[in-house]
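S.K.: Just one file: input.cif, with mmCIF, C-alpha atoms.
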```
data_entry
loop_
_atom_site.label_atom_id
_atom_site.label_comp_id
_atom_site.auth_asym_id
_atom_site.auth_seq_id
_atom_site.Cartn_x
_atom_site.Cartn_y
_atom_site.Cartn_z
CA MET A 79 29.94 -91.19 65.69
CA ASP A 80 26.82 -92.69 67.22
CA PHE A 81 24.82 -89.67 66.09
CA LEU A 82 24.96 -91.01 62.51
CA ASN A 83 22.63 -93.82 63.57
CA TYR A 84 19.78 -91.37 63.88
CA ALA A 85 17.86 -90.34 60.76
CA PHE A 86 17.23 -86.81 62.02
CA MET A 87 20.97 -86.25 62.49
CA GLN A 88 21.71 -87.58 59.01
CA ARG A 89 19.23 -85.08 57.60
CA ALA A 90 20.59 -82.28 59.78
CA LEU A 91 24.21 -82.95 58.76
CA LEU A 92 23.33 -83.04 55.07
CA ALA A 93 21.48 -79.75 55.43
CA ALA A 94 24.40 -78.30 57.41
CA VAL A 95 26.92 -79.19 54.70
CA LEU A 96 24.75 -77.60 52.01
CA VAL A 97 24.33 -74.47 54.13
CA GLY A 98 28.08 -74.33 54.75
CA ILE A 99 28.68 -74.35 50.99
CA THR A 100 25.95 -72.01 49.79
CA ALA A 101 26.03 -69.25 52.42
CA PRO A 102 29.70 -68.19 51.90
CA ALA A 103 29.38 -68.78 48.14
CA VAL A 104 26.75 -66.05 47.97
CA GLY A 105 28.21 -63.98 50.79
CA ILE A 106 31.46 -63.28 48.93
CA TYR A 107 29.51 -61.31 46.30
CA LEU A 108 27.47 -59.47 48.91
CA VAL A 109 30.64 -58.46 50.76
CA GLN A 110 32.14 -57.18 47.52
CA ARG A 111 28.98 -55.18 46.84
CA ARG A 112 29.02 -53.80 50.40
CA GLN A 113 25.64 -55.40 51.06
CA ALA A 114 26.72 -57.55 53.96
CA LEU A 115 23.42 -57.11 55.80
CA MET A 116 21.24 -58.02 52.83
CA GLY A 117 20.82 -61.56 54.14
CA ASP A 118 19.54 -60.22 57.43
CA GLY A 119 16.90 -58.15 55.65
CA ILE A 120 15.81 -61.08 53.50
CA GLY A 121 15.57 -63.21 56.65
CA HIS A 122 13.06 -60.76 58.09
CA VAL A 123 10.97 -60.91 54.92
CA ALA A 124 11.13 -64.73 54.85
CA MET A 125 9.25 -64.81 58.14
CA THR A 126 6.12 -63.79 56.25
CA GLY A 127 6.61 -66.78 53.95
CA VAL A 128 6.96 -69.14 56.89
CA GLY A 129 3.77 -67.75 58.44
CA LEU A 130 1.89 -68.07 55.15
CA GLY A 131 3.08 -71.66 54.82
CA PHE A 132 1.50 -72.54 58.17
CA LEU A 133 -1.65 -70.57 57.38
CA LEU A 134 -2.20 -72.17 53.95
CA SER A 135 -0.90 -75.62 55.00
CA TRP A 136 1.85 -75.45 52.37
CA SER A 137 5.55 -76.16 52.77
CA PRO A 138 7.04 -73.30 54.83
CA VAL A 139 10.38 -73.74 53.03
CA TRP A 140 8.94 -73.30 49.54
CA MET A 141 6.60 -70.52 50.64
CA ALA A 142 9.48 -68.73 52.36
CA THR A 143 11.52 -69.10 49.16
CA ALA A 144 8.79 -67.48 47.07
CA VAL A 145 8.30 -64.59 49.50
CA SER A 146 12.06 -64.12 49.96
CA VAL A 147 12.64 -63.92 46.21
CA LEU A 148 9.84 -61.37 45.89
CA GLY A 149 11.33 -59.39 48.78
CA ALA A 150 14.85 -59.53 47.29
CA VAL A 151 13.60 -58.27 43.93
CA THR A 152 11.73 -55.46 45.72
CA MET A 153 14.92 -54.54 47.59
CA GLU A 154 16.82 -54.27 44.31
CA LEU A 155 14.09 -52.12 42.77
CA ILE A 156 14.18 -49.86 45.82
CA ARG A 157 17.95 -49.63 45.51
CA TRP A 158 17.61 -48.55 41.88
CA TYR A 159 14.69 -46.14 42.19
CA GLY A 160 14.28 -45.38 45.90
CA LYS A 161 16.84 -42.57 46.03
CA THR A 162 16.62 -40.56 49.26
CA ARG A 163 13.66 -42.44 50.73
CA GLY A 164 14.97 -45.89 49.89
CA ASP A 165 16.13 -46.58 53.45
CA ILE A 166 12.65 -45.86 54.81
CA ALA A 167 11.08 -48.20 52.27
CA LEU A 168 13.55 -50.95 53.14
CA ALA A 169 12.87 -50.51 56.86
CA MET A 170 9.13 -50.89 56.27
CA LEU A 171 9.77 -53.98 54.13
CA PHE A 172 11.92 -55.63 56.82
CA TYR A 173 9.67 -54.84 59.78
CA GLY A 174 6.57 -55.62 57.77
CA GLY A 175 8.05 -59.02 56.96
CA MET A 176 8.57 -59.79 60.65
CA ALA A 177 5.12 -58.56 61.62
CA GLY A 178 3.49 -60.49 58.78
CA GLY A 179 5.16 -63.71 59.86
CA VAL A 180 3.96 -63.36 63.45
CA MET A 181 0.44 -62.42 62.35
CA PHE A 182 -0.01 -65.21 59.80
CA ILE A 183 1.33 -67.94 62.05
CA ASN A 184 -1.03 -66.90 64.84
CA LEU A 185 -3.96 -66.95 62.39
CA ALA A 186 -3.05 -70.48 61.30
CA PRO A 187 -5.07 -73.34 62.87
CA GLY A 188 -3.22 -74.36 66.01
CA GLY A 189 -0.42 -71.91 65.23
CA SER A 190 1.51 -69.88 67.76
CA ASN A 191 4.76 -67.95 68.02
CA ALA A 192 6.39 -71.14 69.30
CA ASN A 193 6.13 -72.54 65.76
CA LEU A 194 8.46 -69.80 64.55
CA THR A 195 11.27 -70.63 66.96
CA SER A 196 12.84 -73.42 64.90
CA TYR A 197 12.82 -71.17 61.82
CA LEU A 198 14.23 -68.16 63.64
CA PHE A 199 17.12 -69.92 65.38
CA GLY A 200 17.40 -73.32 63.65
CA SER A 201 16.54 -76.79 64.93
CA LEU A 202 18.03 -80.23 64.32
CA SER A 203 15.07 -82.43 65.14
CA THR A 204 12.61 -80.59 62.89
CA VAL A 205 14.51 -81.04 59.59
CA SER A 206 12.17 -83.37 57.67
CA GLU A 207 12.75 -85.39 54.53
CA SER A 208 10.73 -82.88 52.51
CA ASP A 209 12.89 -80.09 53.93
CA VAL A 210 16.05 -81.93 52.85
CA THR A 211 14.66 -82.39 49.34
CA ALA A 212 13.84 -78.69 49.09
CA ILE A 213 17.23 -77.70 50.52
CA CYS A 214 19.08 -79.94 48.04
CA LEU A 215 17.24 -78.47 45.05
CA LEU A 216 17.68 -74.89 46.22
CA ALA A 217 21.35 -75.44 47.09
CA ALA A 218 21.99 -76.87 43.60
CA PHE A 219 20.56 -73.66 42.10
CA VAL A 220 22.81 -71.52 44.32
CA VAL A 221 25.96 -73.49 43.44
CA VAL A 222 25.22 -73.38 39.69
CA VAL A 223 24.76 -69.60 39.79
CA THR A 224 27.64 -68.68 42.09
CA VAL A 225 30.18 -70.96 40.40
CA GLY A 226 28.92 -70.97 36.82
CA LEU A 227 28.58 -67.18 36.61
CA ARG A 228 31.45 -66.29 38.95
CA ARG A 229 33.29 -64.13 36.41
CA GLN A 230 30.22 -62.07 35.53
CA LEU A 231 29.06 -61.72 39.14
CA PHE A 232 32.58 -60.77 40.22
CA ALA A 233 32.80 -58.08 37.54
CA VAL A 234 29.48 -56.55 38.55
CA SER A 235 30.32 -56.73 42.25
CA GLN A 236 33.65 -54.96 41.69
CA ASP A 237 32.59 -52.14 39.36
CA GLU A 238 29.11 -51.85 37.93
CA GLU A 239 30.01 -49.06 35.50
CA PHE A 240 32.96 -50.97 34.05
CA ALA A 241 30.83 -54.11 33.77
CA ARG A 242 28.15 -52.13 31.95
CA VAL A 243 30.71 -50.73 29.50
CA THR A 244 31.94 -54.24 28.72
CA GLY A 245 28.41 -55.21 27.73
CA LEU A 246 27.36 -57.25 30.76
CA PRO A 247 23.63 -57.14 31.72
CA VAL A 248 24.31 -55.42 35.04
CA ARG A 249 20.73 -55.12 36.26
CA ALA A 250 19.90 -58.71 35.38
CA LEU A 251 23.01 -59.92 37.22
CA ASN A 252 22.17 -57.76 40.23
CA LEU A 253 18.69 -59.26 40.32
CA LEU A 254 20.15 -62.75 40.01
CA THR A 255 22.49 -62.08 42.94
CA ALA A 256 19.59 -60.85 45.06
CA ILE A 257 17.46 -63.88 44.13
CA THR A 258 20.34 -66.24 44.89
CA ALA A 259 20.80 -64.58 48.29
CA ALA A 260 17.08 -65.05 48.98
CA VAL A 261 17.27 -68.73 48.07
CA THR A 262 20.32 -69.14 50.32
CA VAL A 263 18.43 -67.68 53.27
CA THR A 264 15.70 -70.30 52.92
CA VAL A 265 18.31 -73.04 52.48
CA ALA A 266 19.92 -72.04 55.78
CA MET A 267 16.89 -71.24 57.91
CA ARG A 268 16.30 -74.83 59.12
CA VAL A 269 19.89 -75.17 60.38
CA VAL A 270 21.07 -71.67 61.32
CA GLY A 271 17.78 -69.78 61.58
CA LEU A 272 16.49 -66.70 59.79
CA LEU A 273 17.90 -64.27 62.35
CA LEU A 274 21.44 -65.69 62.22
CA VAL A 275 21.89 -66.70 58.58
CA SER A 276 23.46 -63.37 57.60
CA ALA A 277 26.42 -64.09 59.88
CA LEU A 278 27.17 -67.34 58.02
CA MET A 279 27.05 -65.46 54.72
CA VAL A 280 29.48 -62.75 55.81
CA VAL A 281 31.81 -63.90 58.62
CA PRO A 282 33.43 -66.86 56.76
CA VAL A 283 34.25 -64.48 53.91
CA ALA A 284 35.73 -61.95 56.34
CA ALA A 285 37.76 -64.74 57.94
CA ALA A 286 39.04 -65.93 54.56
CA GLN A 287 40.10 -62.38 53.75
CA GLN A 288 42.64 -62.59 56.54
CA LEU A 289 44.59 -65.23 54.62
CA SER A 290 44.06 -64.39 50.96
CA ARG A 291 43.54 -61.45 48.63
CA SER A 292 42.58 -63.37 45.49
CA PHE A 293 38.98 -64.16 44.66
CA ALA A 294 39.43 -67.88 43.98
CA ALA A 295 41.36 -68.54 47.18
CA THR A 296 38.99 -66.44 49.29
CA PHE A 297 36.02 -68.31 47.82
CA ALA A 298 37.55 -71.72 48.55
CA ILE A 299 38.67 -70.83 52.09
CA ALA A 300 35.30 -69.26 52.95
CA VAL A 301 33.42 -72.36 51.80
CA ALA A 302 35.82 -74.60 53.74
CA ILE A 303 35.23 -72.53 56.87
CA GLY A 304 31.48 -72.62 56.29
CA VAL A 305 31.35 -76.41 55.96
CA THR A 306 33.63 -76.89 58.99
CA VAL A 307 31.65 -74.66 61.34
CA THR A 308 28.24 -75.94 60.25
CA ILE A 309 29.26 -79.56 60.78
CA GLY A 310 31.02 -78.70 64.05
CA GLY A 311 28.06 -76.67 65.29
CA THR A 312 25.56 -79.38 64.38
CA VAL A 313 27.53 -82.11 66.16
CA THR A 314 28.12 -79.88 69.19
CA SER A 315 24.42 -79.09 69.32
CA TYR A 316 23.62 -82.82 69.42
CA TYR A 317 26.02 -83.64 72.25
CA GLN A 318 25.61 -80.51 74.36
CA ASP A 319 21.91 -79.83 73.70
CA VAL A 320 22.54 -76.23 72.66
CA PRO A 321 20.89 -74.23 69.83
CA PRO A 322 22.53 -75.15 66.51
CA GLY A 323 22.25 -71.70 64.94
CA ALA A 324 23.90 -69.90 67.85
CA THR A 325 26.60 -72.58 68.11
CA ILE A 326 27.45 -72.34 64.41
CA VAL A 327 27.65 -68.55 64.47
CA LEU A 328 29.85 -68.53 67.57
CA LEU A 329 32.19 -71.07 65.96
CA THR A 330 32.32 -68.90 62.85
CA ILE A 331 33.28 -65.84 64.89
CA ALA A 332 35.90 -67.90 66.72
CA ALA A 333 37.36 -68.93 63.35
CA PHE A 334 37.51 -65.30 62.29
CA ILE A 335 39.36 -64.32 65.48
CA ALA A 336 41.79 -67.23 65.15
CA LEU A 337 42.60 -66.45 61.52
CA SER A 338 42.97 -62.74 62.32
CA VAL A 339 45.58 -63.59 64.96
CA LEU A 340 47.33 -65.97 62.54
CA ALA A 341 47.29 -63.45 59.68
CA ALA A 342 49.29 -60.77 61.52
CA PRO A 343 52.64 -62.65 61.64
CA LEU A 344 52.07 -63.94 58.10
CA ALA A 345 51.62 -60.37 56.87
CA ARG A 346 54.83 -59.28 58.63
CA ARG A 347 56.70 -62.23 57.12
CA ARG A 348 55.51 -61.29 53.61
CA ALA A 349 56.55 -57.68 54.20
CA ARG A 350 60.06 -58.74 55.29
CA ALA A 351 60.38 -61.05 52.30
CA LEU A 352 59.34 -58.24 49.96
CA ALA A 353 61.81 -55.84 51.58
CA ALA A 354 64.60 -58.42 51.28
CA ALA A 355 63.85 -58.93 47.60
CA GLN A 356 64.08 -55.21 46.86
CA PRO A 357 67.54 -54.07 45.57
CA ALA A 358 69.41 -52.43 48.44
CA GLY A 359 70.56 -49.41 46.41
CA ASP A 360 67.15 -48.28 45.21
CA PRO A 361 65.54 -45.45 47.15
CA ALA A 362 62.07 -46.33 48.44
CA GLU A 363 60.42 -43.63 46.32
CA CYS A 364 61.97 -45.09 43.16
CA ALA A 365 61.05 -48.70 43.86
CA ILE A 366 58.89 -50.34 41.24
CA PRO A 367 55.64 -51.71 42.69
CA ALA A 368 55.37 -55.47 42.63
CA THR A 369 53.10 -56.80 39.92
CA ARG A 370 49.86 -58.23 41.28
CA ALA A 371 49.10 -61.80 40.54
CA ALA A 372 46.02 -62.60 38.48
CA GLY A 373 42.96 -62.16 40.63
CA ASP A 374 44.76 -60.19 43.39
CA GLU A 375 42.90 -57.05 42.41
CA VAL A 376 39.94 -58.41 44.31
CA GLY A 377 39.53 -56.55 47.56
CA VAL A 378 38.48 -59.68 49.42
#
```
Using structure tokens, write down the structure that the file contains.
M.R.:
Amino acid sequence: MDFLNYAFMQRALLAAVLVGITAPAVGIYLVQRRQALMGDGIGHVAMTGVGLGFLLSWSPVWMATAVSVLGAVTMELIRWYGKTRGDIALAMLFYGGMAGGVMFINLAPGGSNANLTSYLFGSLSTVSESDVTAICLLAAFVVVVTVGLRRQLFAVSQDEEFARVTGLPVRALNLLTAITAAVTVTVAMRVVGLLLVSALMVVPVAAAQQLSRSFAATFAIAVAIGVTVTIGGTVTSYYQDVPPGATIVLLTIAAFIALSVLAAPLARRRARALAAAQPAGDPAECAIPATRAAGDEVGV
């Protein structure tokens, strides 16, 4: 535990915990909406914000947040109105974001592509006190939205038409989800990196799906996995001098594989228990389907 004696590790661990909470909390809605790669696209756009931050001598985190939010809103507008050419517009937005980041950071006084490395792949030693303050504020926003509006966001993620019929502001909630995803990307970029943050938003949710079918349980398990792998990856990075972002993502994938292996016998055990509970004299085609528990309709 000697690493706790260093201020940079204290900041890195705090940022890692916040990333571990916020990334899966947003990712569960993106997975439900079949927009698992949205975080990756926002990460490309955020590069322009980082470059502008260096060019204008402003905070790269806050500038990346502003640009990411603008990019996320643009992505939603393209999804609504882009129709057949929407994929081309999104591709130009993503690649333009990467190119803009490289261009702006090279135009900045004393800037070079090396300055982008810590934002692309994460870095422990470069997490400053101002970064931690920004991450804490942004993470608080993400938690308030994803937990406080979980019922509304879940309804929209499951079935937009049904949510619209019930009177929910579907487009406003879709925009809020996109904005929250953009904020999460900037929260995570100092620890995981812009190019790897999407994995932390999606893989813990996929891993949690192996153990649970209800929304609440999947949410809780995904966040627990996220916090565990971010802390584990950060500590491993300190002791082994390896990139934190890559370490965290590899640990997340390892968790997914482990839970997938564990889930198979559990599924067989549930199937045997269900078969044993069924009356022996009833033909299979006449068996009454088991009633789903509240929340089990979630395909997560």
S.K.: Return as a list in words the set of residues that the PyMOL selection byres ((chain A and resi 87) around 9) yields on the displayed structure.
M.R.: Phe81, Leu82, Asn83, Tyr84, Ala85, Phe86, Gln88, Arg89, Ala90, Leu91, Leu92, Leu202, Ser203, Val205, Thr312, Val313 and Tyr316 of chain A
S.K.: Taking into account all atoms listed in the file, which residue in the set A:Val263, A:Ala142, A:Val280, A:Ile120 is nearest to Leu108 in chain A?
M.R.: A:Val280
S.K.: Return as a PyMOL selection string the set of residues that the PyMOL selection byres ((chain A and resi 147-159) around 8) yields on the displayed structure.
M.R.: chain A and resi 120+123+143-146+160-161+164+167-168+171+252-253+256-257+259-261
S.K.: Mind dumping a table of every range 287-361 of chain A residue within 10 Å of range 211-235 of chain A, with the nearest atom pair and its distance in Å to one decimal, using all atoms listed in the file, sorted by chain and rising number, as CSV?
M.R.:
```
residue,atom,partner,partner_atom,distance
A:Phe293,CA,A:Phe232,CA,8.5
A:Ala294,CA,A:Arg228,CA,9.6
A:Phe297,CA,A:Val225,CA,9.8
```
S.K.: Residues within 9 Å of Ile309 in chain A, please, as a list in words. Count only C-alpha atoms; anything in the same chain fewer than 5 positions from it doesn't count.
M.R.: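 My list of contacting residues is Leu91, Leu92, Ala94, Val95, Gly98, Gly304, Thr314 and Ile326 of chain A.
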S.K.: Can you write out the residues you just picked, keeping C-alpha atoms, as a PDB file, keeping the file's coordinate frame?
M.R.:
```pdb
ATOM      1  CA  LEU A  91      24.210 -82.950  58.760  1.00  0.00           C
ATOM      2  CA  LEU A  92      23.330 -83.040  55.070  1.00  0.00           C
ATOM      3  CA  ALA A  94      24.400 -78.300  57.410  1.00  0.00           C
ATOM      4  CA  VAL A  95      26.920 -79.190  54.700  1.00  0.00           C
ATOM      5  CA  GLY A  98      28.080 -74.330  54.750  1.00  0.00           C
ATOM      6  CA  GLY A 304      31.480 -72.620  56.290  1.00  0.00           C
ATOM      7  CA  THR A 314      28.120 -79.880  69.190  1.00  0.00           C
ATOM      8  CA  ILE A 326      27.450 -72.340  64.410  1.00  0.00           C
TER       9      ILE A 326
END
```
S.K.: For Gly175 in chain A, which residue out of A:Thr308, A:Thr258, A:Thr126, A:Ser208 is the nearest one, using all atoms listed in the file?
M.R.: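 Checking each of A:Thr308, A:Thr258, A:Thr126, A:Ser208 against Gly175 in chain A, counting all atoms listed in the file, the winner is A:Thr126.
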S.K.: Selected by the PyMOL selection byres ((chain A and resi 330) around 10) in the shown coordinates: which residues, as a list in words?
M.R.: Ala277, Leu278, Val280, Val281, Pro282, Ala285, Ile303, Gly304, Thr306, Val307, Thr308, Gly310, Gly311, Ala324, Thr325, Ile326, Val327, Leu328, Leu329, Ile331, Ala332, Ala333, Phe334, Ile335 and Ala336 of chain A
S.K.: Within 8 Å of Gly129 in chain A, counting only C-alpha atoms, which residues qualify if same-chain residues fewer than 2 places away don't, as a list in words?
M.R.: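 Near neighbours after the sequence-gap exclusion: Met125, Thr126, Gly127, Gly131, Phe132, Leu133, Pro138, Gly178, Gly179, Val180, Met181, Phe182, Ile183, Ala186 and Leu194 of chain A.
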S.K.: Give the answer as one residue: which of A:Leu337, A:Ala354, A:Gln110, A:Pro321 has the shortest atom-to-atom distance to Ile299 in chain A, using only C-alpha atoms?
M.R.: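 For Ile299 in chain A, the nearest of the given residues is A:Leu337.
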S.K.: To one decimal place in Å, what is the distance between CA of Ser137 in chain A and CA of Gly188 in chain A?
M.R.: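 Rounded to one decimal, the two atoms are 16.0 Å apart.
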S.K.: Using Å and a single decimal, report how far CA of Gly271 in chain A sits from CA of Thr195 in chain A.
M.R.: 8.5 Å
S.K.: Tell me which of A:Ser201, A:Ala101, A:Ala93, A:Gln287 sits closest to Asp319 in chain A, counting only C-alpha atoms.
M.R.: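 Of A:Ser201, A:Ala101, A:Ala93, A:Gln287, the one nearest Asp319 in chain A is A:Ser201, counting only C-alpha atoms.
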S.K.: Could you check how far CA of Leu251 in chain A sits from CA of Leu273 in chain A, in Å to one decimal?
M.R.: 26.0 Å
S.K.: Using all atoms listed in the file, which of A:Ala103, A:Ala302, A:Thr262, A:Gly200 sits nearest Val320 in chain A?
M.R.: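 When distances to Val320 in chain A are compared using all atoms listed in the file, the smallest one comes from A:Gly200.
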S.K.: Considering only C-alpha atoms, can you say which of A:Gln236, A:Ser338, A:Ser196, A:Ser276 comes closest to Gln288 in chain A?
M.R.: A:Ser338
S.K.: Would you compute the box with edges along x, y and z of the file around range 329-342 of chain A, including every atom the file lists for it and 3 Å extra on each side, and give its centre and edge lengths in Å to one decimal, as JSON?
M.R.:
```
{"center_x": 40.7, "center_y": -65.9, "center_z": 63.2, "size_x": 23.1, "size_y": 16.3, "size_z": 13.0}
```
